[in-house]
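Everything below belongs to work33.txt, which stores compact mmCIF, C-alpha atoms.
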# COMPACT_ATOMS: atom_id res chain seq x y z
CA MET A 1398 28.45 5.16 19.67
CA ALA A 1399 29.34 5.27 15.95
CA ARG A 1400 28.56 8.47 14.05
CA LEU A 1401 25.56 8.16 11.73
CA THR A 1402 26.87 8.91 8.25
CA GLY A 1403 26.32 8.14 4.61
CA GLU A 1404 30.02 8.14 3.80
CA GLY A 1405 30.97 5.06 1.81
CA ARG A 1406 27.31 4.32 0.95
CA ARG A 1407 26.31 4.27 -2.71
CA PHE A 1408 22.54 4.25 -3.34
CA LEU A 1409 20.74 3.24 -6.52
CA PHE A 1410 17.09 4.32 -6.66
CA LEU A 1411 14.60 2.64 -9.00
CA GLN A 1412 10.92 3.55 -9.40
CA GLY A 1413 9.27 5.38 -6.52
CA PRO A 1414 5.90 6.87 -5.58
CA HIS A 1415 4.54 9.46 -7.99
CA GLY A 1416 5.78 12.90 -6.99
CA PRO A 1417 8.92 14.42 -5.45
CA PHE A 1418 9.47 12.08 -2.47
CA PHE A 1419 12.34 10.08 -3.96
CA VAL A 1420 14.29 13.10 -5.19
CA GLN A 1421 13.97 14.78 -1.79
CA LEU A 1422 15.09 11.58 -0.08
CA GLY A 1423 18.08 11.32 -2.41
CA ALA A 1424 19.10 14.90 -1.64
CA LEU A 1425 19.07 14.21 2.11
CA LEU A 1426 21.18 11.08 1.63
CA ARG A 1427 23.70 13.13 -0.36
CA SER A 1428 23.83 15.71 2.43
CA ALA A 1429 24.63 12.83 4.82
CA GLY A 1430 27.64 11.95 2.65
CA ALA A 1431 26.23 9.21 0.42
CA GLU A 1432 26.40 8.99 -3.37
CA VAL A 1433 23.03 8.61 -5.09
CA TRP A 1434 21.85 7.59 -8.57
CA ARG A 1435 18.37 7.04 -9.97
CA VAL A 1436 17.41 4.80 -12.90
CA GLY A 1437 14.50 6.24 -14.86
CA PHE A 1438 12.36 4.05 -17.10
CA ASN A 1439 10.16 6.74 -18.63
CA ARG A 1440 9.68 10.49 -18.90
CA GLY A 1441 7.58 10.55 -15.72
CA ASP A 1442 10.48 9.13 -13.71
CA GLN A 1443 12.78 11.77 -15.21
CA ALA A 1444 10.35 14.63 -14.50
CA PHE A 1445 10.37 13.82 -10.81
CA TRP A 1446 14.17 13.46 -10.62
CA PRO A 1447 15.67 16.60 -12.17
CA GLY A 1448 19.40 17.16 -11.96
CA GLN A 1449 22.30 14.97 -10.97
CA GLY A 1450 22.46 11.20 -10.83
CA PHE A 1451 19.73 10.37 -13.34
CA ILE A 1452 20.42 7.26 -15.45
CA PRO A 1453 17.92 6.76 -18.32
CA PHE A 1454 17.01 3.18 -19.22
CA THR A 1455 15.90 3.45 -22.84
CA GLU A 1456 16.33 -0.14 -23.99
CA ALA A 1457 13.84 -2.99 -24.17
CA GLN A 1458 12.82 -4.48 -20.85
CA GLU A 1459 14.49 -7.80 -21.78
CA ASN A 1460 17.86 -6.04 -21.49
CA TRP A 1461 17.23 -4.86 -17.92
CA PRO A 1462 18.95 -7.75 -16.04
CA ASP A 1463 22.24 -7.30 -17.91
CA LEU A 1464 22.21 -3.51 -17.66
CA LEU A 1465 21.34 -3.67 -13.97
CA ALA A 1466 24.24 -6.04 -13.27
CA ASP A 1467 26.57 -3.60 -15.03
CA LEU A 1468 25.22 -0.64 -12.99
CA LEU A 1469 25.63 -2.45 -9.68
CA GLU A 1470 29.19 -3.39 -10.56
CA ARG A 1471 30.30 -0.13 -12.19
CA HIS A 1472 28.97 2.15 -9.45
CA ARG A 1473 29.85 -0.29 -6.66
CA ILE A 1474 26.32 0.01 -5.28
CA THR A 1475 25.87 -0.73 -1.57
CA ASP A 1476 22.15 0.10 -1.25
CA LEU A 1477 19.06 -0.29 -3.44
CA ALA A 1478 15.90 1.79 -2.88
CA LEU A 1479 12.54 1.10 -4.52
CA TYR A 1480 8.78 1.39 -4.11
CA GLY A 1481 7.11 -2.03 -4.13
CA ASP A 1482 9.05 -5.22 -4.79
CA THR A 1483 6.94 -7.30 -7.18
CA ARG A 1484 7.00 -5.55 -10.59
CA PHE A 1485 9.53 -7.19 -12.93
CA ILE A 1486 12.22 -4.51 -12.81
CA HIS A 1487 12.12 -4.46 -9.01
CA ALA A 1488 11.89 -8.21 -8.47
CA GLU A 1489 14.95 -8.68 -10.69
CA ALA A 1490 16.81 -5.93 -8.83
CA VAL A 1491 16.01 -7.41 -5.41
CA ALA A 1492 17.22 -10.85 -6.55
CA GLN A 1493 20.51 -9.48 -7.88
CA ALA A 1494 21.01 -7.30 -4.81
CA ARG A 1495 20.59 -10.26 -2.47
CA ARG A 1496 23.16 -12.28 -4.39
CA ARG A 1497 25.64 -9.41 -4.06
CA GLY A 1498 24.94 -8.62 -0.40
CA ILE A 1499 23.44 -5.21 -1.25
CA CYS A 1500 21.05 -3.69 1.29
CA VAL A 1501 17.52 -3.39 -0.14
CA HIS A 1502 15.26 -0.58 1.12
CA VAL A 1503 11.60 -1.17 0.24
CA PHE A 1504 8.92 1.51 0.53
CA GLU A 1505 5.20 0.81 0.41
CA GLU A 1506 1.91 2.38 1.40
CA GLY A 1507 1.44 2.08 5.15
CA TYR A 1508 0.25 -1.15 6.67
CA LEU A 1509 -1.48 1.11 9.19
CA ARG A 1510 -2.77 3.42 6.50
CA PRO A 1511 -3.87 6.18 6.12
CA TRP A 1512 -1.34 8.30 8.02
CA TRP A 1513 1.72 6.06 7.90
CA VAL A 1514 4.01 4.65 5.23
CA THR A 1515 5.94 1.38 5.31
CA TYR A 1516 9.72 1.10 5.30
CA GLU A 1517 11.28 -2.37 5.36
CA ARG A 1518 14.43 -4.15 4.28
CA ASP A 1519 14.42 -6.90 1.60
CA GLY A 1520 10.66 -7.19 1.02
CA ALA A 1521 7.15 -5.92 1.78
CA ASN A 1522 3.60 -7.29 2.00
CA GLY A 1523 3.73 -11.05 1.30
CA ASN A 1524 7.55 -10.87 1.13
CA SER A 1525 7.85 -9.02 4.44
CA ARG A 1526 9.75 -10.41 7.40
CA LEU A 1527 6.53 -9.88 9.35
CA MET A 1528 5.09 -12.97 7.68
CA GLY A 1529 7.36 -15.19 9.78
CA LEU A 1530 7.22 -13.26 13.08
CA SER A 1531 4.88 -14.59 15.76
CA ILE A 1532 2.94 -12.46 18.23
CA ASP A 1533 5.01 -13.99 21.06
CA ALA A 1534 8.23 -12.85 19.37
CA MET A 1535 6.81 -9.35 18.98
CA ARG A 1536 5.78 -9.25 22.63
CA ARG A 1537 9.27 -10.21 23.75
CA ALA A 1538 10.72 -7.41 21.62
CA LEU A 1539 8.29 -4.91 23.16
CA GLU A 1540 9.12 -5.73 26.78
CA ASN A 1541 11.43 -2.73 27.11
CA CYS A 1542 9.20 -0.32 25.15
CA ASP A 1543 7.00 2.17 26.93
CA THR A 1544 5.11 3.75 24.03
CA ASP A 1545 1.36 4.28 24.17
CA ILE A 1546 -0.64 2.83 21.30
CA VAL A 1547 -1.41 5.54 18.73
CA ASP A 1548 -4.97 5.99 17.49
CA ALA A 1549 -5.58 5.57 13.78
CA PRO A 1550 -6.78 8.84 12.19
CA ALA A 1551 -10.19 8.45 10.54
CA HIS A 1552 -9.16 10.05 7.25
CA TRP A 1553 -6.93 9.46 4.26
CA GLY A 1554 -3.81 11.56 4.53
CA ASP A 1555 -3.32 13.06 1.05
CA MET A 1556 -5.71 11.59 -1.51
CA ARG A 1557 -6.02 14.65 -3.75
CA GLN A 1558 -2.25 14.99 -4.04
CA HIS A 1559 -1.98 11.26 -4.78
CA VAL A 1560 -4.42 11.52 -7.69
CA PHE A 1561 -2.83 14.77 -8.93
CA TYR A 1562 0.71 13.35 -9.05
CA GLY A 1563 -0.57 10.17 -10.69
CA ALA A 1564 -2.26 12.16 -13.45
CA LEU A 1565 0.85 14.35 -13.91
CA TYR A 1566 3.14 11.33 -14.09
CA HIS A 1567 1.06 9.61 -16.75
CA ALA A 1568 0.76 12.86 -18.71
CA TRP A 1569 4.57 13.04 -18.95
CA VAL A 1570 4.71 9.43 -20.11
CA LEU A 1571 1.90 9.89 -22.59
CA PHE A 1572 3.04 13.11 -24.25
CA ALA A 1573 6.84 13.20 -23.85
CA ASN A 1574 8.11 9.62 -23.73
CA ARG A 1575 9.83 9.48 -27.15
CA ARG A 1576 13.26 8.90 -25.59
CA PHE A 1577 12.01 5.84 -23.66
CA ARG A 1578 10.58 3.78 -26.52
CA GLY A 1579 11.34 0.51 -24.77
CA PHE A 1580 9.26 1.38 -21.70
CA ARG A 1581 6.69 -1.25 -20.76
CA PRO A 1582 4.15 -0.48 -17.98
CA HIS A 1583 3.98 -3.02 -15.16
CA ARG A 1584 0.18 -3.00 -15.44
CA ALA A 1585 -2.00 -4.38 -18.22
CA LEU A 1586 -3.34 -1.02 -19.44
CA ASN A 1587 -1.29 1.16 -21.73
CA VAL A 1588 -0.15 4.60 -20.62
CA ARG A 1589 -2.82 6.45 -22.63
CA ASP A 1590 -5.61 4.56 -20.87
CA GLU A 1591 -3.92 5.00 -17.48
CA PHE A 1592 -3.77 8.76 -18.03
CA ARG A 1593 -7.42 8.91 -19.09
CA LEU A 1594 -8.46 7.02 -15.98
CA TYR A 1595 -6.47 9.29 -13.67
CA LEU A 1596 -7.84 12.41 -15.37
CA ARG A 1597 -11.41 11.11 -15.30
CA ARG A 1598 -10.99 10.19 -11.64
CA LEU A 1599 -9.70 13.68 -10.82
CA LEU A 1600 -12.57 15.42 -12.66
CA SER A 1601 -15.30 13.15 -11.31
CA MET A 1602 -14.33 13.39 -7.63
CA PRO A 1603 -17.16 15.87 -6.76
CA LEU A 1604 -19.81 13.69 -8.43
CA HIS A 1605 -18.49 10.55 -6.79
CA ALA A 1606 -18.49 12.29 -3.43
CA MET A 1607 -22.22 13.04 -3.76
CA GLU A 1608 -22.96 9.45 -4.79
CA ARG A 1609 -20.87 8.15 -1.88
CA ARG A 1610 -22.59 10.35 0.71
CA LEU A 1611 -26.03 9.23 -0.49
CA ALA A 1612 -25.10 5.52 -0.40
CA THR A 1613 -23.52 5.87 3.04
CA TRP A 1614 -26.55 7.73 4.37
CA ARG A 1615 -28.88 4.96 3.15
CA ILE A 1616 -26.79 2.32 4.92
CA ARG A 1617 -26.34 4.20 8.19
CA THR A 1618 -30.05 5.08 8.43
CA GLY A 1619 -31.33 1.74 7.14
CA GLY A 1620 -31.59 0.17 10.58
CA PHE A 1621 -30.25 -3.21 9.40
CA PRO A 1622 -27.17 -5.14 10.61
CA TYR A 1623 -24.49 -5.26 7.92
CA HIS A 1624 -21.11 -6.76 7.08
CA LEU A 1625 -18.38 -5.00 5.09
CA ALA A 1626 -16.41 -6.37 2.16
CA LEU A 1627 -13.27 -4.27 1.72
CA LEU A 1628 -12.32 -4.12 -1.94
CA GLN A 1629 -8.91 -3.51 -3.45
CA LEU A 1630 -7.61 -2.47 -6.84
CA GLU A 1631 -7.54 -5.49 -9.11
CA HIS A 1632 -4.24 -4.34 -10.62
CA ASP A 1633 -2.60 -3.76 -7.22
CA SER A 1634 0.48 -5.90 -6.57
CA SER A 1635 -0.87 -7.27 -3.28
CA PHE A 1636 -3.97 -8.58 -5.03
CA GLN A 1637 -2.11 -9.90 -8.07
CA MET A 1638 0.87 -11.48 -6.30
CA HIS A 1639 -0.41 -12.45 -2.84
CA SER A 1640 -4.01 -13.63 -3.31
CA PRO A 1641 -5.74 -16.79 -4.58
CA PHE A 1642 -7.88 -14.80 -7.04
CA ARG A 1643 -7.05 -13.83 -10.61
CA THR A 1644 -9.77 -11.17 -10.83
CA MET A 1645 -11.84 -9.08 -8.44
CA THR A 1646 -14.98 -10.69 -9.86
CA GLU A 1647 -13.86 -14.04 -8.44
CA PHE A 1648 -13.63 -12.51 -4.97
CA LEU A 1649 -17.02 -10.80 -5.34
CA ALA A 1650 -18.61 -14.14 -6.29
CA VAL A 1651 -17.11 -15.89 -3.25
CA CYS A 1652 -18.34 -13.14 -0.91
CA ILE A 1653 -21.87 -13.09 -2.26
CA GLU A 1654 -22.18 -16.87 -2.31
CA GLY A 1655 -20.91 -17.18 1.27
CA PHE A 1656 -23.18 -14.38 2.46
CA ALA A 1657 -26.25 -15.82 0.76
CA LYS A 1658 -25.54 -19.22 2.28
CA GLY A 1659 -24.60 -18.27 5.82
CA ALA A 1660 -25.76 -14.78 6.87
CA PRO A 1661 -29.05 -14.25 8.74
CA ARG A 1662 -31.76 -13.20 6.32
CA HIS A 1663 -32.14 -9.73 7.87
CA HIS A 1664 -28.41 -8.93 7.52
CA HIS A 1665 -26.99 -6.91 4.61
CA LEU A 1666 -23.64 -6.94 2.79
CA VAL A 1667 -21.84 -3.68 1.93
CA PHE A 1668 -19.02 -3.59 -0.65
CA LYS A 1669 -16.67 -0.67 0.02
CA ALA A 1670 -14.58 0.26 -3.04
CA HIS A 1671 -10.93 1.29 -2.80
CA PRO A 1672 -10.53 5.10 -2.68
CA LEU A 1673 -8.52 4.98 -5.93
CA GLU A 1674 -10.95 2.73 -7.83
CA ASP A 1675 -11.06 4.26 -11.31
CA GLY A 1676 -13.52 2.16 -13.27
CA ARG A 1677 -11.08 -0.06 -15.16
CA THR A 1678 -12.99 -3.03 -13.74
CA ARG A 1679 -16.80 -3.12 -13.64
CA VAL A 1680 -17.02 -3.68 -9.90
CA LYS A 1681 -20.46 -2.15 -9.30
CA HIS A 1682 -21.97 -3.89 -12.33
CA ASP A 1683 -20.57 -7.27 -11.28
CA ILE A 1684 -21.82 -6.88 -7.71
CA LEU A 1685 -25.37 -6.18 -8.88
CA ARG A 1686 -25.28 -9.05 -11.38
CA LEU A 1687 -23.99 -11.58 -8.84
CA ALA A 1688 -26.38 -10.39 -6.12
CA ARG A 1689 -29.38 -10.78 -8.44
CA ARG A 1690 -28.25 -14.26 -9.39
CA ALA A 1691 -28.02 -15.21 -5.70
CA GLY A 1692 -31.45 -13.69 -4.96
CA ILE A 1693 -30.14 -11.12 -2.48
CA ALA A 1694 -30.00 -7.92 -4.57
CA ASP A 1695 -32.12 -6.06 -2.01
CA ARG A 1696 -29.55 -6.84 0.73
CA VAL A 1697 -26.35 -5.87 -1.11
CA HIS A 1698 -24.93 -2.33 -1.33
CA PHE A 1699 -21.99 -0.61 -3.03
CA VAL A 1700 -20.11 2.43 -1.69
CA ARG A 1701 -17.64 4.19 -3.96
CA GLY A 1702 -14.41 4.98 -2.09
CA GLY A 1703 -14.30 7.60 0.65
CA LYS A 1704 -13.54 7.30 4.34
CA LEU A 1705 -13.89 3.92 5.96
CA ALA A 1706 -14.40 4.89 9.59
CA GLY A 1707 -18.09 5.83 9.39
CA LEU A 1708 -19.03 2.48 7.88
CA LEU A 1709 -16.80 0.45 10.18
CA ASN A 1710 -18.24 2.01 13.31
CA HIS A 1711 -21.57 0.26 12.75
CA ALA A 1712 -20.54 -2.95 10.94
CA ARG A 1713 -20.75 -6.47 12.39
CA SER A 1714 -17.68 -7.88 10.61
CA ALA A 1715 -15.43 -7.41 7.60
CA VAL A 1716 -13.99 -9.61 4.87
CA THR A 1717 -11.19 -8.84 2.41
CA VAL A 1718 -8.51 -10.41 0.25
CA ASN A 1719 -5.54 -8.73 1.95
CA SER A 1720 -6.37 -5.01 2.11
CA THR A 1721 -4.39 -2.84 4.51
CA ALA A 1722 -7.74 -1.31 5.50
CA ALA A 1723 -8.30 -4.48 7.53
CA GLN A 1724 -5.97 -2.98 10.14
CA GLN A 1725 -8.74 -0.50 10.98
CA VAL A 1726 -11.12 -3.43 11.40
CA LEU A 1727 -8.83 -5.14 13.89
CA TRP A 1728 -8.11 -1.88 15.73
CA ARG A 1729 -11.84 -1.68 16.45
CA GLY A 1730 -11.97 -5.28 17.69
CA MET A 1731 -14.22 -6.44 14.85
CA PRO A 1732 -14.24 -9.97 13.39
CA LEU A 1733 -12.16 -10.24 10.21
CA LYS A 1734 -11.85 -12.86 7.45
CA VAL A 1735 -9.01 -12.70 4.89
CA PHE A 1736 -8.21 -14.80 1.82
CA GLY A 1737 -4.75 -13.71 0.70
CA LYS A 1738 -1.31 -13.39 2.24
CA ALA A 1739 -1.21 -10.40 4.59
CA VAL A 1740 1.20 -9.20 7.25
CA TYR A 1741 -1.67 -9.07 9.78
CA ASP A 1742 -2.89 -12.61 9.09
CA LYS A 1743 -2.19 -13.99 12.56
CA PRO A 1744 -4.32 -16.73 14.15
CA GLU A 1745 -4.76 -14.64 17.31
CA PHE A 1746 -6.97 -12.09 15.57
CA VAL A 1747 -8.00 -13.27 12.07
CA SER A 1748 -10.84 -15.78 11.71
CA THR A 1749 -10.14 -19.23 10.32
CA GLN A 1750 -13.85 -20.06 9.82
CA PRO A 1751 -15.33 -20.99 6.43
CA LEU A 1752 -16.95 -17.89 4.95
CA ASP A 1753 -20.57 -19.00 5.39
CA ALA A 1754 -19.90 -19.84 9.05
CA PHE A 1755 -18.14 -16.50 9.45
CA PHE A 1756 -21.15 -14.58 8.18
CA ALA A 1757 -23.44 -16.67 10.40
CA ALA A 1758 -21.49 -16.18 13.66
CA PRO A 1759 -18.05 -14.54 13.25
CA THR A 1760 -15.40 -15.13 15.89
CA ARG A 1761 -13.97 -12.03 17.54
CA PRO A 1762 -10.26 -11.19 17.52
CA ASP A 1763 -7.95 -11.16 20.51
CA ARG A 1764 -7.71 -7.38 20.95
CA ARG A 1765 -4.76 -7.56 23.32
CA ALA A 1766 -2.77 -9.56 20.77
CA TYR A 1767 -3.64 -7.07 18.04
CA LYS A 1768 -2.59 -4.10 20.19
CA ASP A 1769 0.78 -5.74 20.78
CA TYR A 1770 1.13 -6.42 17.06
CA ARG A 1771 0.19 -2.86 16.18
CA GLN A 1772 2.60 -1.37 18.68
CA PHE A 1773 5.37 -3.56 17.23
CA LEU A 1774 4.67 -2.10 13.77
CA LEU A 1775 4.63 1.46 15.10
CA GLU A 1776 8.02 0.85 16.72
CA THR A 1777 9.53 -0.61 13.54
CA SER A 1778 8.29 -0.36 9.94
CA GLN A 1779 5.47 2.20 10.18
CA LEU A 1780 6.60 5.81 9.80
CA PRO A 1781 4.27 8.78 10.31
CA GLY A 1782 3.85 10.91 7.22
CA GLY A 1783 3.03 10.37 3.56
CA PHE A 1784 4.52 10.29 0.07
CA TYR A 1785 2.32 12.86 -1.63
CA SER A 1786 1.53 15.95 0.46
CA ALA A 1787 4.30 18.41 1.38
CA ALA A 1788 3.50 18.13 5.10
CA GLY A 1789 3.46 14.34 4.94
CA ARG A 1790 6.82 14.21 3.16
CA ARG A 1791 8.42 16.55 5.68
CA GLN A 1792 7.27 14.36 8.55
CA LEU A 1793 8.44 11.19 6.84
CA LEU A 1794 11.86 12.49 5.78
CA ARG A 1795 12.70 13.53 9.35
CA GLN A 1796 12.96 9.86 10.30
CA VAL A 1797 13.54 7.69 7.28
CA VAL A 1798 17.07 8.82 6.35
CA ASP A 1799 18.43 7.81 9.76
CA LEU A 1800 16.70 4.43 9.48
CA MET A 1801 18.22 3.82 6.06
CA LEU A 1802 21.72 4.61 7.30
CA LEU A 1803 21.52 2.34 10.34
CA PRO A 1804 23.22 -1.06 9.94
CA GLN A 1805 20.22 -3.00 11.25
CA ASP A 1806 16.72 -3.17 9.83
CA PRO A 1807 13.94 -1.84 12.12
CA TYR A 1808 12.74 -5.31 13.17
CA THR A 1809 16.18 -6.59 14.13
CA ALA A 1810 16.99 -3.37 15.99
CA LEU A 1811 13.89 -3.67 18.18
CA ILE A 1812 14.31 -7.41 18.76
CA ASP A 1813 17.98 -6.91 19.73
CA GLY A 1814 17.16 -3.94 21.95
CA THR A 1815 19.20 -1.39 19.94
CA ALA A 1816 16.34 0.61 18.39
CA ALA A 1817 16.29 4.36 18.95
CA PRO A 1818 13.11 6.03 20.32
CA ARG A 1819 10.56 6.71 17.60
CA GLN A 1820 8.71 9.95 16.90
CA GLN A 1821 5.01 9.77 17.78
CA LEU A 1822 2.32 10.66 15.29
CA ARG A 1823 1.13 14.25 15.53
CA LEU A 1824 -1.54 15.50 13.20
CA VAL A 1825 -1.21 19.14 12.21
CA ASN A 1826 -3.47 21.20 9.96
Could you take the file, read its structure, and then write that structure out as structure tokens?
Amino acid sequence: MARLTGEGRRFLFLQGPHGPFFVQLGALLRSAGAEVWRVGFNRGDQAFWPGQGFIPFTEAQENWPDLLADLLERHRITDLALYGDTRFIHAEAVAQARRRGICVHVFEEGYLRPWWVTYERDGANGNSRLMGLSIDAMRRALENCDTDIVDAPAHWGDMRQHVFYGALYHAWVLFANRRFRGFRPHRALNVRDEFRLYLRRLLSMPLHAMERRLATWRIRTGGFPYHLALLQLEHDSSFQMHSPFRTMTEFLAVCIEGFAKGAPRHHHLVFKAHPLEDGRTRVKHDILRLARRAGIADRVHFVRGGKLAGLLNHARSAVTVNSTAAQQVLWRGMPLKVFGKAVYDKPEFVSTQPLDAFFAAPTRPDRRAYKDYRQFLLETSQLPGGFYSAAGRRQLLRQVVDLMLLPQDPYTALIDGTAAPRQQLRLVN
């Protein structure tokens, strides 16, 4: 068996999750014998990559393709590592890497969130290889696996650290970004507004928690059947790049119209906001406005962020664009309707009914098919741990370096029968 080594590998890192995960990953790759560089596009990137291998990109974004081509050639890059694959700088890098035969390592939030992260080759979400894999193909790959299905923890792994590192990152960009005058955020808001939103979100967490507990209590003690609409961040890449909607308001209108038309008159509709919803879109206001217009304001509720498990345990069904939270819906065997491209959108367990018919009498998923699908993910692209907490990073780093150094991507390795045994999830306080 060939020795696992980074010798001869030359990694170029682009933008990663807020916090120290990428710099710690780079250090481990160096200790394995690889050479590692990181391109930084702003002062926040630089703050989280102190020391060797930092390459500042201080020019206008229009110059990125030419500079990138020069970097790939000059450093003889063999591997590209990035977080998310749809923002301009990353999409351009993935395209150039593919033309040159460079291995692309893509990190994302876990498909089986909250206590996993996603590691894939070449693309994630709507660009993932999972989009073209059938349940039958996954079952054939699992024939020689003997792993028990792992329960999904009913909590978010490291939310406070996520918000803290986001606020710190945007503070660096806001107050110390003079060197990077050509930096252009991949989102519509400017850096100053992003920082304000992160800071306001951090300071208002106690107040929001009280509001959330009260709304949840009213729903759980209301005695009415209800359906859940799982909301996402309007600026999130999955919503922007892999959904049929331009704005969250469009999705809200479709949900409320379908519910008003098809749901039994004693059923209610609960909109569950994303845990990182920060007020840049007027979600609550739009829900109330649309519900009044449809004449169902007394049957529509809004819950601001928080844990999903308590609401899911009593819901009749769920609808979403393409939220990863839908995996918790399917794990519970609940009916699910999706509108966008999603790695879990398989005919065996996602409803194909029109929305009004779904709210009237939703079809249930094939739980056996979903369990096989979920086990396939746990054996391949889903790694226990997290990007933001120290404990989560330690757990993640124990596995991901070996996976990056292997010649095959996780899916191919399992399908071909060459995958190594995977570490099981263990929650520790």
*Which residues, protein or nucleic acid, reach to within 8 Å of (4.7, 4.9, -10.0) in the file's coordinates when using all atoms listed in the file, and can you give that as JSON, numbers by chain?*
{"A": [1412, 1413, 1414, 1415, 1480, 1563, 1566]}
*With all atoms listed in the file as the atoms that count, which of A:Phe1746, A:Leu1803, A:Pro1672, A:Thr1483 lies nearest to A:Arg1557?*
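Nearest candidate to A:Arg1557 out of A:Phe1746, A:Leu1803, A:Pro1672, A:Thr1483: A:Pro1672.
Nearest residue to A:Lys1669 among A:Lys1704, A:Arg1615, A:Arg1686, A:Arg1536 is A:Lys1704, counting all atoms listed in the file.
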Excluding A:Arg1764 and any residue of its chain fewer than 3 positions from it, enumerate the residues within 10 Å of it, using all atoms listed in the file, and give them as a short mmCIF file (atom, residue, chain, number, x, y, z; two decimals) with C-alpha atoms, in the frame of the given file.
data_model
loop_
_atom_site.label_atom_id
_atom_site.label_comp_id
_atom_site.auth_asym_id
_atom_site.auth_seq_id
_atom_site.Cartn_x
_atom_site.Cartn_y
_atom_site.Cartn_z
CA LEU A 1727 -8.83 -5.14 13.89
CA TRP A 1728 -8.11 -1.88 15.73
CA ARG A 1729 -11.84 -1.68 16.45
CA GLY A 1730 -11.97 -5.28 17.69
CA MET A 1731 -14.22 -6.44 14.85
CA GLU A 1745 -4.76 -14.64 17.31
CA PHE A 1746 -6.97 -12.09 15.57
CA ARG A 1761 -13.97 -12.03 17.54
CA TYR A 1767 -3.64 -7.07 18.04
CA LYS A 1768 -2.59 -4.10 20.19
CA ASP A 1769 0.78 -5.74 20.78
CA TYR A 1770 1.13 -6.42 17.06
#
Residues within 10 Å of (15.3, -10.2, 23.0), file coords, only C-alpha atoms, listed as a PDB file with C-alpha atoms, keeping the file's coordinate frame:
ATOM      1  CA  ALA A1534       8.230 -12.850  19.370  1.00  0.00           C
ATOM      2  CA  MET A1535       6.810  -9.350  18.980  1.00  0.00           C
ATOM      3  CA  ARG A1536       5.780  -9.250  22.630  1.00  0.00           C
ATOM      4  CA  ARG A1537       9.270 -10.210  23.750  1.00  0.00           C
ATOM      5  CA  ALA A1538      10.720  -7.410  21.620  1.00  0.00           C
ATOM      6  CA  LEU A1539       8.290  -4.910  23.160  1.00  0.00           C
ATOM      7  CA  GLU A1540       9.120  -5.730  26.780  1.00  0.00           C
ATOM      8  CA  ASN A1541      11.430  -2.730  27.110  1.00  0.00           C
ATOM      9  CA  THR A1809      16.180  -6.590  14.130  1.00  0.00           C
ATOM     10  CA  ALA A1810      16.990  -3.370  15.990  1.00  0.00           C
ATOM     11  CA  LEU A1811      13.890  -3.670  18.180  1.00  0.00           C
ATOM     12  CA  ILE A1812      14.310  -7.410  18.760  1.00  0.00           C
ATOM     13  CA  ASP A1813      17.980  -6.910  19.730  1.00  0.00           C
ATOM     14  CA  GLY A1814      17.160  -3.940  21.950  1.00  0.00           C
TER      15      GLY A1814
END
*Which one of A:Asp1799, A:Glu1470, A:Glu1517, A:Glu1459 sits closest to A:Thr1777 if you count all atoms listed in the file?*
A:Glu1517
_Contact residues around A:Val1667 with only C-alpha atoms at 7 Å, ignoring same-chain residues under 3 positions, as a list in words_ =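 Residues near the query, excluding close chain neighbours: Tyr1623, His1624, Leu1625, Ala1626, Val1697, His1698 and Phe1699 of chain A.
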For A:Ser1635, find every residue with an atom within 8 Å (counting only C-alpha atoms), except residues of its own chain fewer than 3 positions away, and show them as a PDB file with C-alpha atoms, in the frame of the given file.
ATOM      1  CA  ASN A1522       3.600  -7.290   2.000  1.00  0.00           C
ATOM      2  CA  GLY A1523       3.730 -11.050   1.300  1.00  0.00           C
ATOM      3  CA  MET A1638       0.870 -11.480  -6.300  1.00  0.00           C
ATOM      4  CA  HIS A1639      -0.410 -12.450  -2.840  1.00  0.00           C
ATOM      5  CA  SER A1640      -4.010 -13.630  -3.310  1.00  0.00           C
ATOM      6  CA  ASN A1719      -5.540  -8.730   1.950  1.00  0.00           C
TER       7      ASN A1719
END
*Long-range neighbours of A:Phe1419 as JSON, numbers by chain, 12 Å cut-off, only C-alpha atoms, 3 positions minimum in chain*: {"A": [1408, 1409, 1410, 1411, 1412, 1413, 1414, 1415, 1416, 1422, 1423, 1424, 1425, 1426, 1433, 1434, 1435, 1436, 1437, 1442, 1443, 1444, 1445, 1446, 1447, 1451, 1478, 1479, 1480, 1504, 1783, 1784, 1785, 1790, 1793, 1794, 1797, 1798]}
*Could you jot down the atom CA of A:His1472 to atom CA of A:Gln1449 separation for me, Å, one decimal place?*
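Atom-to-atom, atom CA of A:His1472 and atom CA of A:Gln1449 are spaced 14.5 Å apart.
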*Find, counting all atoms listed in the file, the residue in A:Arg1406, A:His1559, A:Arg1510, A:Arg1496 that gets nearest to A:Ala1787.*
A:His1559
*Rounded to one decimal place, report the atom CA of A:Ala1650-atom CA of A:Ile1684 distance in Å.*
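Between atom CA of A:Ala1650 and atom CA of A:Ile1684 the gap works out to 8.1 Å.
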*Using all atoms listed in the file, find the one residue out of A:Lys1681, A:Arg1701, A:Arg1696, A:Arg1427 that sits nearest to A:Met1607.*
A:Arg1701
*Could you name the residues that touch A:Glu1505 at 8 Å or less, counting all atoms listed in the file, but leaving out those on the same chain fewer than 3 positions away, as a VMD selection string?*
chain A and resid 1480 to 1481 1514 to 1516 1521
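Distances from A:Glu1404, A:Asp1763, A:Asp1555, A:Asp1482 to A:Gly1782 were compared using only C-alpha atoms, and the smallest one belongs to A:Asp1555.
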*In Å to one decimal, how far is atom CA of A:Ser1714 from atom CA of A:Pro1732?*
4.9 Å
Size and centre in Å, one decimal, axis-aligned box, all listed stretch 1570-1579 of chain A atoms plus 4 Å per side, as lines of an AutoDock Vina configuration file:
center_x = 7.6
center_y = 6.9
center_z = -23.6
size_x = 19.4
size_y = 20.7
size_z = 15.0
